[in-house]
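Trainee: Before anything else, here's the structure in question.
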2 protein chains.
Amino acid sequence: MPTLDLSLSAVDLTRVICDIPSVSDDETVLADAIHDAVSALPHLRVFRDGDTIVARTDQGRAQRVVIAGHIDTVPINGNVPTRDVEIDGQPFIWGRGTVDMKAGVAVQLRLAAELVASRVDITWMWYDHEEVDADRNGLTRLARSNPELFAGDFAILGEPSNGEVEGGCNGNLRVIVRTHGVRAHSARAWIGENAIHAAAPVLSRLAEYRPRELEVDGLVYREGLNAVRIRGGIAGNVIPDLCEVEVNYRFAPSRDLAEAEQHVRDVFAGYDVEIVDAAAGARPGLDSAIAREFLGAVRAEPRPKYGWTDVARFSAMGVPAVNYGPGDPHLAHHDEERVSVAQIEAVERGLREWLSND
Amino acid sequence: MPTLDLSLSAVDLTRVICDIPSVSDDETVLADAIHDAVSALPHLRVFRDGDTIVARTDQGRAQRVVIAGHIDTVPINGNVPTRDVEIDGQPFIWGRGTVDMKAGVAVQLRLAAELVASRVDITWMWYDHEEVDADRNGLTRLARSNPELFAGDFAILGEPSNGEVEGGCNGNLRVIVRTHGVRAHSARAWIGENAIHAAAPVLSRLAEYRPRELEVDGLVYREGLNAVRIRGGIAGNVIPDLCEVEVNYRFAPSRDLAEAEQHVRDVFAGYDVEIVDAAAGARPGLDSAIAREFLGAVRAEPRPKYGWTDVARFSAMGVPAVNYGPGDPHLAHHDEERVSVAQIEAVERGLREWLSND
């Protein structure tokens, strides 16, 4: 069973924990190693639920910050173990999980061990099943069983953000737009009505749609409305009576779920629209004093986050939250996933400077 | 094992052979019964290949007519055994196969037994696997192993034609029209290109297409161009890089395969088009003296056949062929499939009058 030496640098810890595979559903070996390592630290109280580990300081500070990272990855594709590579003269660690998001977890583990005292109390969370359905996410489970563990004045998710601070996130809606027809033999098509042909205006509206860019609390969010799946048809000689277009709407956090749903219904007015999945976005959460202190300490300009992340969960629980982690989000899930060593060090330095009790 | 009494009327024989299930792949019981019944008739020479039975008269007539019918049906859906029903005061036999095409086969079996002498020599063919892929069709097999059995001056397929004569058939082409794009996470759609959106003009061209009506040898054929299937998409959060629209073109028999293919390529100019299936149509075949005699004897106005049938196979082998059988083709494959008793009797009478040696 692997053990973790938390006196290693965050860069070295990144290599170690990336080389312990932890694809969703197989996080236990890594979760055990994290649990054992942080349980040995006397300044932390450790709580475990399945493969989610929570470790809290209890210094009696006026404020508490939650710092969280998921420990699972998408499937490995020949890219574990990690390799050191150089790109444009800069060192990178290449391999599955380096970006999404074990470098972020490594920084957190290193600082959890190092920061015996800190200017705020800290709740560290390392959790399972982020890369699969939301109802299997370790934080979903924990929020149900132990919501008190989420208490805090501010939260930081270590999701890759190129070492910048990404505030909030877009909301996410999935709907199915259906067109209907009448089946007939395709040799006598005029007896039927073709449901696939009837979907032509649905695709045209999507192709012509110009997504908005919206400023929310000083950050500009870019929306998107896209067909992600289409299906229809029964056999090669039958006029189809049903066509389904699955549409994904990513919407700025100034719009709530009801408004987002109404917007999609407006776009597809006249069509049968079913909502199949909905997750509200999160406003940037950068207007509190503690958030401004954090931004000043890490010397970062905040940017909008487009993808949905667990910051929305904290936001919904009343805890302002941001993404702050090493790694280029465009390389997440990519077979050439790789993280800049300099970014790992920069995020480690940024968090240390803000959290240190100096 | 069921036996067939070919002294029964065609109407009674329809009930008997519909009540012997013979869904494609399960024709053997019925084929055995047919084989045994016709083998007992001294005026016929019988040949069997798998579940296809050929029975020929050999009277030394100047002309030979091939009369054929498939013995398989599409799957049963609670509609066997048959029932006698009355619609608008008229008697019908209800159940799978009554229309497509066991009533036609029953007429043929009855006349094969009865017509010990006839004005032309007759080659009767009852064959398997018509309702599945063309390469499994009993006639495909037989044309390869014993093409000499197809020799004749005229051919009649007993496919349902409402007791009218349907000449020739439309051709049938299936193509896949593909649109391409670039995958991306749907949270950052602007990095990708949506292949489903790119299919909007493909569906618009289909929706706006006005099919031609073409006169061929005096019959008007109605064409059709239809999407029969569409598929695209990878996951609920991925911009798709491929969309495939499967299109079925039914074209008048005046157009050969190359022209039909070119027409479809013209309609979808600018798109990636792949031909996946192609079957030429058949001209009506009603200009020969023997065809005109047949039309006169059965007192029928010829009509065009829209669906592809095995008449095209005979046509391609140089034997003019028509469809002539009881049953409304709109009810073929229908769960409420049912054949008019009067139509069975009319077709039986029509064929008898023409073929009898009086």
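Following the order of the structure tokens, first chain is A, next is B, and so on, with residues numbered from 1 inside each chain and ligands from 1 in the order they appear.
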Pick out the residues sitting within 7 Å of segment 221-226 of chain A, and hand them over as a PyMOL selection string; count only C-alpha atoms, and ignore anything fewer than 6 positions along from it in its own chain.
Mentor: (chain A and resi 206+211-215+247-252+304+306) or (chain B and resi 189)
Trainee: Distance limit 9 Å, atoms considered: only C-alpha atoms. Which chain A residues sit that close to chain B? Return them as an MDAnalysis selection string.
Mentor: chainID A and resid 170 172 174 184:190 194:208 222:240 243 246:250 306:308 330
Trainee: Limited to N, CA and C atoms, could you put the picked residues into a file as a short mmCIF file (atom, residue, chain, number, x, y, z; two decimals), in the first residue's frame?
Mentor:
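Generated output (again24.cif):
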```
data_model
loop_
_atom_site.label_atom_id
_atom_site.label_comp_id
_atom_site.auth_asym_id
_atom_site.auth_seq_id
_atom_site.Cartn_x
_atom_site.Cartn_y
_atom_site.Cartn_z
N ASN A 170 -20.71 29.23 -14.87
CA ASN A 170 -21.95 29.22 -15.64
C ASN A 170 -22.88 28.13 -15.12
N ASN A 172 -25.89 25.23 -16.06
CA ASN A 172 -25.86 24.14 -17.02
C ASN A 172 -27.25 23.52 -17.11
N ARG A 174 -29.74 20.91 -19.56
CA ARG A 174 -29.87 20.04 -20.73
C ARG A 174 -31.34 19.77 -20.98
N ALA A 184 -44.58 5.77 -41.90
CA ALA A 184 -45.12 5.20 -43.14
C ALA A 184 -43.98 4.47 -43.81
N HIS A 185 -44.32 3.63 -44.75
CA HIS A 185 -43.28 3.00 -45.56
C HIS A 185 -42.65 4.09 -46.42
N SER A 186 -41.31 4.05 -46.55
CA SER A 186 -40.65 5.14 -47.29
C SER A 186 -40.93 5.06 -48.79
N ALA A 187 -41.50 3.96 -49.27
CA ALA A 187 -41.90 3.90 -50.68
C ALA A 187 -43.16 4.72 -50.92
N ARG A 188 -43.89 5.03 -49.85
CA ARG A 188 -45.11 5.85 -49.96
C ARG A 188 -45.04 6.93 -48.90
N ALA A 189 -43.97 7.73 -49.00
CA ALA A 189 -43.65 8.71 -47.95
C ALA A 189 -44.77 9.72 -47.75
N TRP A 190 -45.53 10.01 -48.82
CA TRP A 190 -46.57 11.05 -48.73
C TRP A 190 -47.70 10.67 -47.80
N ASN A 194 -42.53 13.28 -41.93
CA ASN A 194 -41.16 12.98 -41.53
C ASN A 194 -40.70 13.84 -40.35
N ALA A 195 -40.51 13.19 -39.18
CA ALA A 195 -40.13 13.91 -37.97
C ALA A 195 -38.69 14.44 -38.05
N ILE A 196 -37.84 13.79 -38.84
CA ILE A 196 -36.46 14.30 -38.98
C ILE A 196 -36.47 15.59 -39.81
N HIS A 197 -37.25 15.59 -40.90
CA HIS A 197 -37.38 16.83 -41.68
C HIS A 197 -37.94 17.94 -40.79
N ALA A 198 -38.87 17.58 -39.91
CA ALA A 198 -39.50 18.58 -39.03
C ALA A 198 -38.49 19.20 -38.06
N ALA A 199 -37.34 18.53 -37.88
CA ALA A 199 -36.32 19.08 -36.98
C ALA A 199 -35.42 20.11 -37.67
N ALA A 200 -35.61 20.33 -38.97
CA ALA A 200 -34.77 21.29 -39.68
C ALA A 200 -34.77 22.67 -39.01
N PRO A 201 -35.94 23.22 -38.65
CA PRO A 201 -35.92 24.55 -38.01
C PRO A 201 -35.26 24.52 -36.63
N VAL A 202 -35.31 23.40 -35.94
CA VAL A 202 -34.65 23.30 -34.63
C VAL A 202 -33.14 23.47 -34.82
N LEU A 203 -32.58 22.75 -35.80
CA LEU A 203 -31.14 22.87 -36.05
C LEU A 203 -30.79 24.26 -36.60
N SER A 204 -31.69 24.81 -37.43
CA SER A 204 -31.41 26.15 -37.97
C SER A 204 -31.37 27.18 -36.83
N ARG A 205 -32.32 27.08 -35.89
CA ARG A 205 -32.30 28.04 -34.77
C ARG A 205 -31.00 27.90 -33.98
N LEU A 206 -30.53 26.68 -33.79
CA LEU A 206 -29.27 26.47 -33.07
C LEU A 206 -28.10 27.05 -33.86
N ALA A 207 -28.09 26.79 -35.18
CA ALA A 207 -26.97 27.26 -36.00
C ALA A 207 -26.93 28.79 -36.04
N GLU A 208 -28.12 29.42 -35.99
CA GLU A 208 -28.18 30.88 -36.09
C GLU A 208 -28.05 31.57 -34.73
N ARG A 222 -19.45 34.00 -20.85
CA ARG A 222 -19.82 33.69 -22.21
C ARG A 222 -20.76 32.48 -22.17
N GLU A 223 -21.92 32.63 -22.80
CA GLU A 223 -22.89 31.54 -22.77
C GLU A 223 -22.71 30.62 -23.98
N GLY A 224 -23.52 29.58 -24.04
CA GLY A 224 -23.47 28.67 -25.19
C GLY A 224 -24.75 27.85 -25.26
N LEU A 225 -25.26 27.65 -26.48
CA LEU A 225 -26.46 26.83 -26.69
C LEU A 225 -26.13 25.86 -27.82
N ASN A 226 -26.04 24.57 -27.47
CA ASN A 226 -25.53 23.60 -28.43
C ASN A 226 -26.28 22.29 -28.43
N ALA A 227 -26.53 21.79 -29.63
CA ALA A 227 -26.95 20.39 -29.74
C ALA A 227 -25.77 19.52 -29.34
N VAL A 228 -26.01 18.58 -28.43
CA VAL A 228 -24.95 17.64 -28.06
C VAL A 228 -25.25 16.23 -28.56
N ARG A 229 -26.51 15.97 -28.88
CA ARG A 229 -26.87 14.66 -29.44
C ARG A 229 -28.10 14.82 -30.31
N ILE A 230 -28.21 13.98 -31.32
CA ILE A 230 -29.44 13.92 -32.11
C ILE A 230 -29.69 12.47 -32.47
N ARG A 231 -30.96 12.09 -32.46
CA ARG A 231 -31.27 10.72 -32.85
C ARG A 231 -32.70 10.68 -33.38
N GLY A 232 -32.89 9.79 -34.36
CA GLY A 232 -34.20 9.61 -34.94
C GLY A 232 -34.13 8.51 -35.96
N GLY A 233 -35.28 7.84 -36.20
CA GLY A 233 -35.31 6.83 -37.24
C GLY A 233 -35.52 5.44 -36.71
N ILE A 234 -36.17 4.63 -37.54
CA ILE A 234 -36.58 3.28 -37.13
C ILE A 234 -35.90 2.24 -38.00
N ALA A 235 -35.92 2.43 -39.27
CA ALA A 235 -35.34 1.47 -40.20
C ALA A 235 -35.09 2.20 -41.51
N GLY A 236 -34.33 1.55 -42.38
CA GLY A 236 -33.94 2.19 -43.63
C GLY A 236 -35.09 2.42 -44.60
N ASN A 237 -36.28 1.86 -44.32
CA ASN A 237 -37.41 2.02 -45.24
C ASN A 237 -38.66 2.55 -44.53
N VAL A 238 -38.46 3.26 -43.41
CA VAL A 238 -39.60 3.77 -42.65
C VAL A 238 -39.45 5.29 -42.45
N ILE A 239 -40.52 6.01 -42.74
CA ILE A 239 -40.56 7.45 -42.44
C ILE A 239 -40.65 7.58 -40.92
N PRO A 240 -39.67 8.27 -40.30
CA PRO A 240 -39.61 8.31 -38.83
C PRO A 240 -40.67 9.22 -38.23
N CYS A 243 -38.03 12.58 -33.70
CA CYS A 243 -36.62 12.99 -33.74
C CYS A 243 -36.34 13.74 -32.44
N GLU A 246 -30.89 16.72 -28.33
CA GLU A 246 -30.51 17.05 -26.96
C GLU A 246 -29.66 18.31 -27.00
N VAL A 247 -30.08 19.31 -26.22
CA VAL A 247 -29.46 20.62 -26.28
C VAL A 247 -28.89 20.98 -24.91
N ASN A 248 -27.68 21.50 -24.92
CA ASN A 248 -27.02 21.91 -23.68
C ASN A 248 -26.90 23.43 -23.66
N TYR A 249 -27.48 24.04 -22.63
CA TYR A 249 -27.41 25.50 -22.49
C TYR A 249 -26.52 25.83 -21.30
N ARG A 250 -25.44 26.55 -21.56
CA ARG A 250 -24.55 27.04 -20.51
C ARG A 250 -24.87 28.52 -20.34
N TYR A 306 -16.12 29.20 -17.06
CA TYR A 306 -17.23 28.84 -17.95
C TYR A 306 -17.86 27.51 -17.56
N GLY A 307 -17.01 26.55 -17.26
CA GLY A 307 -17.55 25.21 -16.94
C GLY A 307 -18.19 25.21 -15.56
N TRP A 308 -19.13 24.29 -15.36
CA TRP A 308 -19.76 24.12 -14.06
C TRP A 308 -18.76 23.39 -13.16
N HIS A 330 -8.04 23.74 -20.61
CA HIS A 330 -8.23 23.16 -21.95
C HIS A 330 -7.57 21.80 -22.08
#
```
Trainee: I want to know what sits within 12 Å of Gly69 of chain B, based on only C-alpha atoms, with residues of the same chain fewer than 4 positions away left out; could you give that as a ChimeraX atom specification?
Mentor: /B:52-54,73,97,99-109,123-131,137-139,155-160,309-311,323-326
Trainee: Any idea what the distance is between atom CA of Ala10 of chain A and atom CA of Glu345 of chain A?
Mentor: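 Pair atom CA of Ala10 of chain A / atom CA of Glu345 of chain A returns 7.2 Å.
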Trainee: I need the alpha helix (DSSP H) residues of segment 150-202 of chain B per DSSP on the backbone, written as number ranges by chain.
Mentor: B: 195-198, 200-202
Trainee: Those residues with N, CA, C and O atoms, as a PDB file, in the first residue's frame please?
Mentor:
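Everything below was put into part03.pdb:
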```
ATOM      1  N   ALA B 195     -21.050  19.728 -35.348  1.00  0.00           N
ATOM      2  CA  ALA B 195     -21.430  18.984 -36.561  1.00  0.00           C
ATOM      3  C   ALA B 195     -22.946  18.820 -36.679  1.00  0.00           C
ATOM      4  O   ALA B 195     -23.467  18.682 -37.788  1.00  0.00           O
ATOM      5  N   ILE B 196     -23.656  18.820 -35.552  1.00  0.00           N
ATOM      6  CA  ILE B 196     -25.127  18.706 -35.631  1.00  0.00           C
ATOM      7  C   ILE B 196     -25.712  20.013 -36.169  1.00  0.00           C
ATOM      8  O   ILE B 196     -26.593  20.000 -37.031  1.00  0.00           O
ATOM      9  N   HIS B 197     -25.199  21.152 -35.694  1.00  0.00           N
ATOM     10  CA  HIS B 197     -25.663  22.429 -36.246  1.00  0.00           C
ATOM     11  C   HIS B 197     -25.368  22.471 -37.756  1.00  0.00           C
ATOM     12  O   HIS B 197     -26.165  22.990 -38.541  1.00  0.00           O
ATOM     13  N   ALA B 198     -24.222  21.911 -38.135  1.00  0.00           N
ATOM     14  CA  ALA B 198     -23.838  21.931 -39.554  1.00  0.00           C
ATOM     15  C   ALA B 198     -24.800  21.122 -40.412  1.00  0.00           C
ATOM     16  O   ALA B 198     -24.831  21.282 -41.635  1.00  0.00           O
ATOM     17  N   ALA B 200     -28.005  21.405 -40.271  1.00  0.00           N
ATOM     18  CA  ALA B 200     -29.256  22.155 -40.469  1.00  0.00           C
ATOM     19  C   ALA B 200     -29.603  22.303 -41.952  1.00  0.00           C
ATOM     20  O   ALA B 200     -30.741  22.026 -42.357  1.00  0.00           O
ATOM     21  N   PRO B 201     -28.642  22.708 -42.819  1.00  0.00           N
ATOM     22  CA  PRO B 201     -29.015  22.845 -44.237  1.00  0.00           C
ATOM     23  C   PRO B 201     -29.365  21.510 -44.898  1.00  0.00           C
ATOM     24  O   PRO B 201     -30.162  21.478 -45.841  1.00  0.00           O
ATOM     25  N   VAL B 202     -28.789  20.411 -44.409  1.00  0.00           N
ATOM     26  CA  VAL B 202     -29.123  19.088 -44.965  1.00  0.00           C
ATOM     27  C   VAL B 202     -30.610  18.802 -44.717  1.00  0.00           C
ATOM     28  O   VAL B 202     -31.350  18.422 -45.626  1.00  0.00           O
TER      29      VAL B 202
END
```
Trainee: Excluding same-chain residues fewer than 5 positions from segment 280-287 of chain B, what lies within 6 Å of it counting only C-alpha atoms, as number ranges by chain?
Mentor: B: 167-171, 253, 257, 312, 315, 320-321
Trainee: Could you pull the residues within 10 Å of Ser22 of chain A, counting only C-alpha atoms, minus those fewer than 3 positions along the same chain, as number ranges by chain?
Mentor: A: 17-19, 25-31, 71-76, 96-97, 128-129
Trainee: For a test of reading the model, state the distance in Å between atom CA of Ser145 of chain B and atom CA of His35 of chain B, rounded to one decimal.
Mentor: 19.0 Å
Trainee: Please determine, counting only C-alpha atoms, which residue among B:Arg178, B:Asp49, B:Glu337, B:Arg303 has the shortest atom-to-atom distance to Arg141 of chain B.
Mentor: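 Nearest candidate to Arg141 of chain B out of B:Arg178, B:Asp49, B:Glu337, B:Arg303: B:Asp49.
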Trainee: In Å, with one decimal, what is the gap from atom CA of Leu13 of chain A to atom CA of Val65 of chain A?
Mentor: 22.7 Å
Trainee: Taking 4 positions as the minimum chain separation for residues in the same chain, which residues sit within 9 Å of Val85 of chain A when counting only C-alpha atoms? Answer as a list in words.
Mentor: Gln90, Pro91, Phe92, Ile93, Trp94 and Arg338 of chain A
Trainee: Keeping only N, CA and C atoms, write those residues as a PDB file, in the first residue's frame.
Mentor:
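Here's the written file result17.pdb:
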```pdb
ATOM      1  N   GLN A  90      10.208  25.116 -20.833  1.00  0.00           N
ATOM      2  CA  GLN A  90       9.633  25.114 -19.484  1.00  0.00           C
ATOM      3  C   GLN A  90       9.318  23.683 -19.054  1.00  0.00           C
ATOM      4  N   PRO A  91       9.547  23.361 -17.760  1.00  0.00           N
ATOM      5  CA  PRO A  91       9.265  22.003 -17.300  1.00  0.00           C
ATOM      6  C   PRO A  91       7.768  21.777 -17.035  1.00  0.00           C
ATOM      7  N   PHE A  92       7.287  20.611 -17.449  1.00  0.00           N
ATOM      8  CA  PHE A  92       5.899  20.191 -17.233  1.00  0.00           C
ATOM      9  C   PHE A  92       5.894  18.762 -16.670  1.00  0.00           C
ATOM     10  N   ILE A  93       4.848  18.429 -15.938  1.00  0.00           N
ATOM     11  CA  ILE A  93       4.597  17.026 -15.600  1.00  0.00           C
ATOM     12  C   ILE A  93       3.430  16.576 -16.472  1.00  0.00           C
ATOM     13  N   TRP A  94       3.686  15.499 -17.245  1.00  0.00           N
ATOM     14  CA  TRP A  94       2.724  15.007 -18.238  1.00  0.00           C
ATOM     15  C   TRP A  94       2.035  13.765 -17.697  1.00  0.00           C
ATOM     16  N   ARG A 338      -1.073  17.839 -19.166  1.00  0.00           N
ATOM     17  CA  ARG A 338       0.235  18.136 -18.561  1.00  0.00           C
ATOM     18  C   ARG A 338       0.135  19.450 -17.826  1.00  0.00           C
TER      19      ARG A 338
END
```
Trainee: Which of segment 14-225 of chain A counts as strand (DSSP E or B) under DSSP, as an MDAnalysis selection string please?
Mentor: chainID A and resid 23 45:49 52:56 64:70 73 83:87 90:94 121:127 154:157 165:167 169 171:180 182 184:185 193 213:216 219:222 224:225
